[in-house]
$ cat my_file.tsv   # TSV, C-alpha atoms
chain	number	residue	atom	x	y	z
A	1	MET	CA	147.09	97.33	179.92
A	2	LYS	CA	148.14	99.12	176.76
A	3	ARG	CA	150.17	96.09	175.69
A	4	SER	CA	147.11	93.85	175.99
A	5	ALA	CA	144.95	96.19	173.86
A	6	VAL	CA	147.55	96.24	171.12
A	7	LEU	CA	147.77	92.44	171.07
A	8	ILE	CA	143.97	92.14	170.83
A	9	ALA	CA	143.84	94.63	167.91
A	10	LEU	CA	146.56	92.72	166.08
A	11	ALA	CA	144.72	89.43	166.56
A	12	VAL	CA	141.49	90.87	165.13
A	13	ALA	CA	143.35	92.34	162.13
A	14	ALA	CA	145.03	89.00	161.47
A	15	CYS	CA	141.63	87.34	161.10
A	16	GLY	CA	140.80	89.67	158.18
A	17	PRO	CA	137.35	91.03	157.30
A	18	SER	CA	134.22	89.01	158.08
A	19	VAL	CA	133.08	87.37	154.80
A	20	LYS	CA	129.40	86.38	154.68
A	21	SER	CA	129.01	85.52	150.97
A	22	VAL	CA	131.05	84.91	147.83
A	23	LEU	CA	129.82	85.37	144.26
A	24	VAL	CA	131.66	84.10	141.19
A	25	GLU	CA	131.62	86.29	138.08
A	26	PRO	CA	130.61	85.46	135.43
A	27	ALA	CA	127.81	83.48	137.10
A	28	ARG	CA	127.76	80.91	134.25
A	29	VAL	CA	130.55	80.03	131.82
A	30	THR	CA	130.40	78.42	128.35
A	31	LEU	CA	133.53	77.51	126.42
A	32	ASP	CA	133.47	76.17	122.85
A	33	SER	CA	137.05	75.27	121.97
A	34	LYS	CA	139.89	73.37	123.58
A	35	GLY	CA	142.19	75.81	125.35
A	36	ALA	CA	139.59	78.57	125.47
A	37	SER	CA	139.88	80.48	128.73
A	38	VAL	CA	138.12	83.03	130.87
A	39	GLU	CA	139.30	84.91	133.95
A	40	LEU	CA	136.95	84.45	136.87
A	41	LYS	CA	136.40	86.93	139.65
A	42	ALA	CA	135.35	86.23	143.24
A	43	VAL	CA	133.31	88.99	144.88
A	44	ALA	CA	133.26	88.78	148.66
A	45	ARG	CA	130.61	90.64	150.70
A	46	ASP	CA	130.27	91.36	154.40
A	47	ASP	CA	127.20	90.96	156.61
A	48	LYS	CA	125.88	94.29	155.32
A	49	GLY	CA	126.11	93.19	151.69
A	50	GLN	CA	129.01	95.51	150.99
A	51	ALA	CA	131.80	94.35	148.66
A	52	ILE	CA	135.09	93.66	150.40
A	53	ASP	CA	138.38	94.90	148.99
A	54	PRO	CA	139.75	91.84	147.08
A	55	THR	CA	143.28	92.60	148.31
A	56	ARG	CA	142.11	91.88	151.88
A	57	VAL	CA	140.92	88.33	151.17
A	58	LYS	CA	142.60	85.18	149.92
A	59	VAL	CA	140.63	83.11	147.39
A	60	ALA	CA	141.16	79.38	146.79
A	61	TRP	CA	139.89	78.18	143.38
A	62	SER	CA	138.90	74.63	142.43
A	63	SER	CA	137.08	72.74	139.68
A	64	ALA	CA	134.88	69.71	140.34
A	65	ALA	CA	136.09	68.17	137.04
A	66	PRO	CA	139.50	69.58	136.12
A	67	GLN	CA	139.68	67.14	133.20
A	68	THR	CA	136.79	69.15	131.69
A	69	ALA	CA	137.92	72.63	132.72
A	70	SER	CA	140.83	73.45	135.00
A	71	VAL	CA	141.23	76.59	137.08
A	72	ASP	CA	144.49	78.01	138.42
A	73	ALA	CA	145.31	79.85	141.63
A	74	VAL	CA	144.29	83.25	140.24
A	75	GLY	CA	140.95	82.11	138.77
A	76	VAL	CA	141.82	81.53	135.10
A	77	LEU	CA	139.53	78.78	133.77
A	78	VAL	CA	140.74	76.72	130.78
A	79	ALA	CA	138.66	74.31	128.66
A	80	GLN	CA	140.12	70.79	128.36
A	81	ARG	CA	137.35	68.65	126.86
A	82	SER	CA	133.58	68.66	126.41
A	83	GLY	CA	131.48	68.22	129.51
A	84	GLU	CA	130.16	70.07	132.54
A	85	THR	CA	131.76	71.06	135.81
A	86	THR	CA	131.38	73.47	138.69
A	87	VAL	CA	134.04	75.97	139.65
A	88	THR	CA	134.27	77.01	143.31
A	89	ALA	CA	135.80	80.09	144.93
A	90	SER	CA	136.49	79.58	148.65
A	91	ILE	CA	137.35	82.27	151.21
A	92	GLY	CA	137.80	80.44	154.48
A	93	GLU	CA	134.62	78.45	155.04
A	94	VAL	CA	132.53	80.61	152.70
A	95	LYS	CA	132.14	79.40	149.12
A	96	GLY	CA	130.71	80.63	145.84
A	97	THR	CA	130.14	78.50	142.73
A	98	ALA	CA	129.43	78.86	139.01
A	99	PRO	CA	128.38	76.16	136.50
A	100	VAL	CA	130.66	75.59	133.50
A	101	VAL	CA	129.74	74.01	130.15
A	102	VAL	CA	132.47	73.01	127.72
A	103	SER	CA	131.35	71.96	124.25
A	104	ILE	CA	134.09	71.48	121.68
A	105	PRO	CA	132.68	70.78	118.19
A	106	VAL	CA	134.47	68.24	116.04
A	107	SER	CA	132.00	67.68	113.18
A	108	ILE	CA	129.01	69.26	111.47
A	109	SER	CA	126.44	67.60	109.22
A	110	VAL	CA	123.59	68.94	107.09
A	111	SER	CA	120.47	67.10	106.02
A	112	ALA	CA	117.47	68.16	103.95
A	113	LEU	CA	113.87	67.06	104.50
A	114	SER	CA	113.76	66.71	100.71
A	115	SER	CA	116.68	66.88	98.30
A	116	ASP	CA	114.43	67.53	95.26
A	117	ALA	CA	112.51	70.75	94.68
A	118	ARG	CA	110.66	72.73	92.05
A	119	PRO	CA	111.46	76.38	91.27
A	120	GLY	CA	109.76	78.48	93.93
A	121	ASP	CA	109.83	75.73	96.57
A	122	THR	CA	111.45	76.18	99.98
A	123	VAL	CA	113.58	73.36	101.39
A	124	LEU	CA	114.36	73.29	105.12
A	125	LEU	CA	117.80	72.10	106.18
A	126	LYS	CA	118.79	70.61	109.51
A	127	VAL	CA	122.30	71.15	110.83
A	128	THR	CA	123.85	69.08	113.61
A	129	VAL	CA	127.09	69.95	115.38
A	130	VAL	CA	128.67	67.16	117.45
A	131	ASP	CA	131.29	67.59	120.19
A	132	ASP	CA	134.28	65.41	121.05
A	133	THR	CA	132.11	63.10	123.17
A	134	GLY	CA	129.65	62.44	120.35
A	135	LYS	CA	126.93	64.62	121.84
A	136	PRO	CA	125.14	67.47	120.02
A	137	VAL	CA	126.67	70.83	120.87
A	138	THR	CA	124.61	72.71	123.43
A	139	VAL	CA	126.48	76.01	123.16
A	140	PRO	CA	124.73	78.37	120.69
A	141	ARG	CA	126.91	78.72	117.60
A	142	THR	CA	126.95	80.92	114.51
A	143	ILE	CA	126.35	79.00	111.28
A	144	THR	CA	127.39	80.51	107.94
A	145	TRP	CA	125.41	79.28	104.92
A	146	THR	CA	126.51	79.34	101.27
A	147	SER	CA	125.25	77.94	97.95
A	148	SER	CA	127.53	76.76	95.16
A	149	ASP	CA	125.08	78.13	92.54
A	150	ALA	CA	122.70	80.96	93.47
A	151	GLY	CA	121.03	80.54	90.06
A	152	VAL	CA	119.84	77.11	91.18
A	153	ALA	CA	119.25	77.67	94.89
A	154	ARG	CA	119.72	80.43	97.45
A	155	VAL	CA	120.10	79.78	101.17
A	156	ALA	CA	119.66	81.85	104.33
A	157	ASP	CA	119.39	80.62	107.93
A	158	GLY	CA	118.97	77.02	106.81
A	159	LYS	CA	116.14	77.75	104.36
A	160	VAL	CA	116.83	76.98	100.70
A	161	GLU	CA	114.88	78.79	97.98
A	162	ALA	CA	114.74	76.83	94.72
A	163	ILE	CA	115.41	79.18	91.79
A	164	GLY	CA	116.12	77.28	88.58
A	165	PRO	CA	116.91	73.78	87.26
A	166	GLY	CA	120.16	72.10	88.28
A	167	SER	CA	121.99	70.96	91.40
A	168	ALA	CA	123.60	73.13	94.08
A	169	THR	CA	125.78	72.24	97.03
A	170	ILE	CA	124.66	73.91	100.23
A	171	THR	CA	127.41	74.39	102.82
A	172	ALA	CA	127.02	75.10	106.53
A	173	ALA	CA	130.19	76.24	108.28
A	174	THR	CA	131.11	77.03	111.85
A	175	GLY	CA	134.72	77.89	112.54
A	176	ALA	CA	136.86	75.47	110.53
A	177	LEU	CA	134.12	72.83	110.37
A	178	LYS	CA	131.95	72.38	107.27
A	179	GLY	CA	128.98	70.22	106.37
A	180	VAL	CA	127.27	69.95	102.96
A	181	ALA	CA	124.01	68.85	101.40
A	182	THR	CA	122.99	68.70	97.74
A	183	VAL	CA	119.71	70.18	96.55
A	184	THR	CA	118.43	69.38	93.07
A	185	VAL	CA	115.89	71.66	91.42
A	186	ARG	CA	113.81	70.09	88.66
A	187	ILE	CA	111.24	71.57	86.30
A	188	PRO	CA	108.11	69.43	86.50
A	189	ASP	CA	106.75	67.77	83.38
A	190	PHE	CA	104.05	69.68	81.50
A	191	ALA	CA	102.38	69.40	78.08
A	192	LYS	CA	102.14	73.02	76.94
A	193	LEU	CA	102.13	76.70	77.84
A	194	SER	CA	99.05	78.88	77.63
A	195	LEU	CA	98.99	82.70	77.38
A	196	THR	CA	96.25	85.05	78.55
A	197	PRO	CA	95.15	87.02	76.61
A	198	ALA	CA	95.68	84.54	73.79
A	199	LYS	CA	94.76	86.68	70.77
A	200	THR	CA	96.61	89.57	69.12
A	201	GLN	CA	96.37	92.73	71.20
A	202	THR	CA	96.26	96.32	69.97
A	203	VAL	CA	97.65	98.98	72.28
A	204	LYS	CA	98.64	102.61	72.00
A	205	LYS	CA	102.17	103.91	72.24
A	206	GLY	CA	103.16	104.28	75.92
A	207	ASP	CA	100.56	101.79	77.17
A	208	LYS	CA	101.34	98.71	79.26
A	209	LEU	CA	99.80	95.27	78.98
A	210	THR	CA	100.30	92.28	81.28
A	211	PHE	CA	100.31	88.72	79.94
A	212	LYS	CA	99.74	85.70	82.19
A	213	VAL	CA	101.24	82.33	81.36
A	214	ALA	CA	100.33	78.90	82.70
A	215	ALA	CA	101.94	75.49	82.28
A	216	LEU	CA	99.33	72.79	81.62
A	217	ASP	CA	99.47	69.01	81.78
A	218	LYS	CA	97.83	66.67	79.23
A	219	LYS	CA	94.49	67.07	81.01
A	220	GLY	CA	94.67	70.86	80.90
A	221	GLN	CA	95.42	71.15	84.62
A	222	LYS	CA	97.88	73.80	85.78
A	223	VAL	CA	101.39	72.68	86.75
A	224	GLY	CA	103.25	74.83	89.28
A	225	GLY	CA	106.96	75.52	89.56
A	226	VAL	CA	107.63	76.09	85.84
A	227	PRO	CA	109.94	79.08	85.22
A	228	VAL	CA	109.22	81.02	82.02
A	229	ALA	CA	111.44	83.19	79.83
A	230	TRP	CA	109.86	86.11	77.94
A	231	LYS	CA	110.93	87.61	74.61
A	232	SER	CA	109.75	90.28	72.18
A	233	SER	CA	110.51	89.74	68.48
A	234	ASP	CA	110.97	93.51	68.07
A	235	PRO	CA	111.86	95.33	71.28
A	236	ARG	CA	111.84	98.61	69.35
A	237	VAL	CA	108.05	98.24	69.04
A	238	ALA	CA	107.38	96.76	72.49
A	239	THR	CA	109.47	95.34	75.30
A	240	VAL	CA	108.47	92.60	77.74
A	241	SER	CA	109.69	92.21	81.33
A	242	SER	CA	110.59	89.02	83.17
A	243	ASP	CA	107.08	88.90	84.62
A	244	GLY	CA	105.20	89.36	81.35
A	245	VAL	CA	104.55	93.12	81.39
A	246	VAL	CA	104.61	94.56	77.84
A	247	THR	CA	105.43	98.24	77.29
A	248	ALA	CA	104.47	99.74	73.92
A	249	ALA	CA	107.32	101.88	72.53
A	250	LYS	CA	106.50	102.81	68.91
A	251	LYS	CA	104.05	102.15	66.11
A	252	GLY	CA	104.39	98.69	64.59
A	253	SER	CA	103.89	95.00	65.30
A	254	THR	CA	105.80	92.46	67.37
A	255	LYS	CA	105.37	88.99	68.82
A	256	ILE	CA	105.59	88.18	72.52
A	257	THR	CA	106.83	84.67	73.31
A	258	ALA	CA	106.84	82.75	76.61
A	259	SER	CA	109.05	79.65	76.67
A	260	SER	CA	110.22	76.92	79.03
A	261	SER	CA	111.90	73.52	78.60
A	262	GLY	CA	111.72	73.66	74.81
A	263	LYS	CA	108.03	74.56	74.74
A	264	SER	CA	106.69	78.00	73.84
A	265	THR	CA	103.60	80.01	73.02
A	266	THR	CA	103.30	83.33	71.16
A	267	VAL	CA	100.82	86.17	70.81
A	268	GLY	CA	100.97	89.24	68.58
A	269	VAL	CA	100.97	92.85	69.76
A	270	THR	CA	100.16	95.80	67.52
A	271	VAL	CA	101.11	99.30	68.64
A	272	THR	CA	99.29	102.34	67.26
A	273	GLU	CA	100.14	106.02	67.66
A	274	ALA	CA	98.74	107.63	70.79
A	275	ALA	CA	95.83	110.01	70.28
A	276	SER	CA	96.86	113.66	69.98
A	277	LYS	CA	96.27	115.59	73.19
A	278	SER	CA	96.41	119.03	71.46
A	279	LYS	CA	93.21	121.03	71.37
A	280	SER	CA	92.17	123.44	68.55
A	281	LYS	CA	92.16	127.07	69.60
A	282	ALA	CA	88.84	128.95	69.25
A	283	LYS	CA	88.87	131.76	66.67
A	284	PRO	CA	88.12	135.26	68.00
A	285	PRO	CA	84.72	136.64	66.96
A	286	ALA	CA	84.71	138.76	63.74
A	287	LYS	CA	84.51	142.50	64.19
A	288	LYS	CA	81.30	144.16	63.00
A	289	LYS	CA	81.59	146.72	60.20
A	290	LYS	CA	80.39	150.23	60.99
$ encode --input "my_file.tsv" --output "structure tokens"
Amino acid sequence: MKRSAVLIALAVAACGPSVKSVLVEPARVTLDSKGASVELKAVARDDKGQAIDPTRVKVAWSSAAPQTASVDAVGVLVAQRSGETTVTASIGEVKGTAPVVVSIPVSISVSALSSDARPGDTVLLKVTVVDDTGKPVTVPRTITWTSSDAGVARVADGKVEAIGPGSATITAATGALKGVATVTVRIPDFAKLSLTPAKTQTVKKGDKLTFKVAALDKKGQKVGGVPVAWKSSDPRVATVSSDGVVTAAKKGSTKITASSSGKSTTVGVTVTEAASKSKSKAKPPAKKKK
């Protein structure tokens, strides 16, 4: 009787724990380079949903498309070429699966909706990464943007800000791959510059005065996208900032000039001494004689 009980216990133990479900971790895998790998884990659970000690179960791994991503006996998945597959972890008759996407980029290209811009314009760039099957890469990737001349154009996240005249090469890079596009910034044609106020201004020492400048065509219509340089003929008397703000420094006269593309306009500024802020002290009343 005792012998029979022992044999029954051994037979039950040989069958191992009762596995009701198998989960593969991570639940979804993306690989973006040939030879990239990830170690998969099979989590077995019993009929109560409790995790089973992995040393008590034997897992068989397989890939539906090993030419895309292969998996070895211990669950190490390796990317072979771009495509999709499903990896399966089997414990007896119970299986768990996880989808796998392999996207190996081989080229990157950049295109602009418009290659010409005016200073102040924004140009949107489109970047396309293609895998080894000729399909656009579906795996999210980090793109690094650079400009060959930040004085002509600046770039961030595929948006180019036109700064000044000239041409700049915009580069998008991901890993060792690079794609380029050329953006040319041109100053639009205009007939003249106009300053407001247009007549000589008189200010006191320490005061500030803002000039506005406009580029006009032959019909007197405003032309946008014209960068202007400012200059004071005597900065000791008054200085002028890059946005036309004049600061009076000392008594005297100077000329403020706005120029662009060989055209300029000038207005005079006269600085006077600031009014004295001192107040005269009242005299004490005279004493009466006795």
$ closest_residue --input "my_file.tsv" --among "A:Ala173, A:Leu31, A:Ile256, A:Ala117" --to "Ala238 of chain A" --atoms "all atoms listed in the file"
A:Ile256
$ closest_residue --input "my_file.tsv" --among "A:Gly35, A:Gly262, A:Gly268, A:Gly166" --to "Arg118 of chain A" --atoms "all atoms listed in the file"
A:Gly166
$ closest_residue --input "my_file.tsv" --among "A:Leu209, A:Val94, A:Val43, A:Val57" --to "Pro17 of chain A" --atoms "all atoms listed in the file"
A:Val57
$ closest_atom_pairs --input "my_file.tsv" --of "segment 25-117 of chain A" --to "segment 136-150 of chain A" --cutoff "10 Å" --atoms "only C-alpha atoms" --output "JSON lines"
{"residue": "A:Thr30", "atom": "CA", "partner": "A:Val139", "partner_atom": "CA", "distance": 6.9}
{"residue": "A:Leu31", "atom": "CA", "partner": "A:Val139", "partner_atom": "CA", "distance": 7.9}
{"residue": "A:Asp32", "atom": "CA", "partner": "A:Val139", "partner_atom": "CA", "distance": 7.0}
{"residue": "A:Ser82", "atom": "CA", "partner": "A:Val137", "partner_atom": "CA", "distance": 9.1}
{"residue": "A:Val101", "atom": "CA", "partner": "A:Val139", "partner_atom": "CA", "distance": 8.0}
{"residue": "A:Val102", "atom": "CA", "partner": "A:Val139", "partner_atom": "CA", "distance": 8.1}
{"residue": "A:Ser103", "atom": "CA", "partner": "A:Val137", "partner_atom": "CA", "distance": 5.9}
{"residue": "A:Ile104", "atom": "CA", "partner": "A:Val137", "partner_atom": "CA", "distance": 7.5}
{"residue": "A:Pro105", "atom": "CA", "partner": "A:Val137", "partner_atom": "CA", "distance": 6.6}
{"residue": "A:Val106", "atom": "CA", "partner": "A:Val137", "partner_atom": "CA", "distance": 9.5}
{"residue": "A:Ser107", "atom": "CA", "partner": "A:Pro136", "partner_atom": "CA", "distance": 9.7}
{"residue": "A:Ile108", "atom": "CA", "partner": "A:Pro136", "partner_atom": "CA", "distance": 9.6}
$ residues_near_point --input "my_file.tsv" --point "(129.4, 74.9, 95.7)" --cutoff "12 Å" --atoms "all atoms listed in the file" --output "list in words"
Trp145, Thr146, Ser147, Ser148, Asp149, Ala150, Gly151, Val152, Ala153, Arg154, Val155, Ser167, Ala168, Thr169, Ile170, Thr171, Ala172, Gly179, Val180, Ala181, Thr182 and Val183 of chain A
$ write_last_selection --input "my_file.tsv" --atoms "C-alpha atoms" --output "short mmCIF file (atom, residue, chain, number, x, y, z; two decimals), keeping the file's coordinate frame"
data_model
loop_
_atom_site.label_atom_id
_atom_site.label_comp_id
_atom_site.auth_asym_id
_atom_site.auth_seq_id
_atom_site.Cartn_x
_atom_site.Cartn_y
_atom_site.Cartn_z
CA TRP A 145 125.41 79.28 104.92
CA THR A 146 126.51 79.34 101.27
CA SER A 147 125.25 77.94 97.95
CA SER A 148 127.53 76.76 95.16
CA ASP A 149 125.08 78.13 92.54
CA ALA A 150 122.70 80.96 93.47
CA GLY A 151 121.03 80.54 90.06
CA VAL A 152 119.84 77.11 91.18
CA ALA A 153 119.25 77.67 94.89
CA ARG A 154 119.72 80.43 97.45
CA VAL A 155 120.10 79.78 101.17
CA SER A 167 121.99 70.96 91.40
CA ALA A 168 123.60 73.13 94.08
CA THR A 169 125.78 72.24 97.03
CA ILE A 170 124.66 73.91 100.23
CA THR A 171 127.41 74.39 102.82
CA ALA A 172 127.02 75.10 106.53
CA GLY A 179 128.98 70.22 106.37
CA VAL A 180 127.27 69.95 102.96
CA ALA A 181 124.01 68.85 101.40
CA THR A 182 122.99 68.70 97.74
CA VAL A 183 119.71 70.18 96.55
#
$ residues_around --input "my_file.tsv" --residues "Asp243 of chain A" --least-positions-apart "4" --cutoff "10 Å" --atoms "all atoms listed in the file" --output "CSV table (one decimal) with C-alpha atoms, in the frame of the given file"
chain,number,residue,atom,x,y,z
A,210,THR,CA,100.3,92.3,81.3
A,211,PHE,CA,100.3,88.7,79.9
A,212,LYS,CA,99.7,85.7,82.2
A,213,VAL,CA,101.2,82.3,81.4
A,228,VAL,CA,109.2,81.0,82.0
A,229,ALA,CA,111.4,83.2,79.8
A,230,TRP,CA,109.9,86.1,77.9
$ atom_distance --input "my_file.tsv" --atom1 "atom CA of Val245 of chain A" --atom2 "atom CA of Asp207 of chain A"
10.4 Å
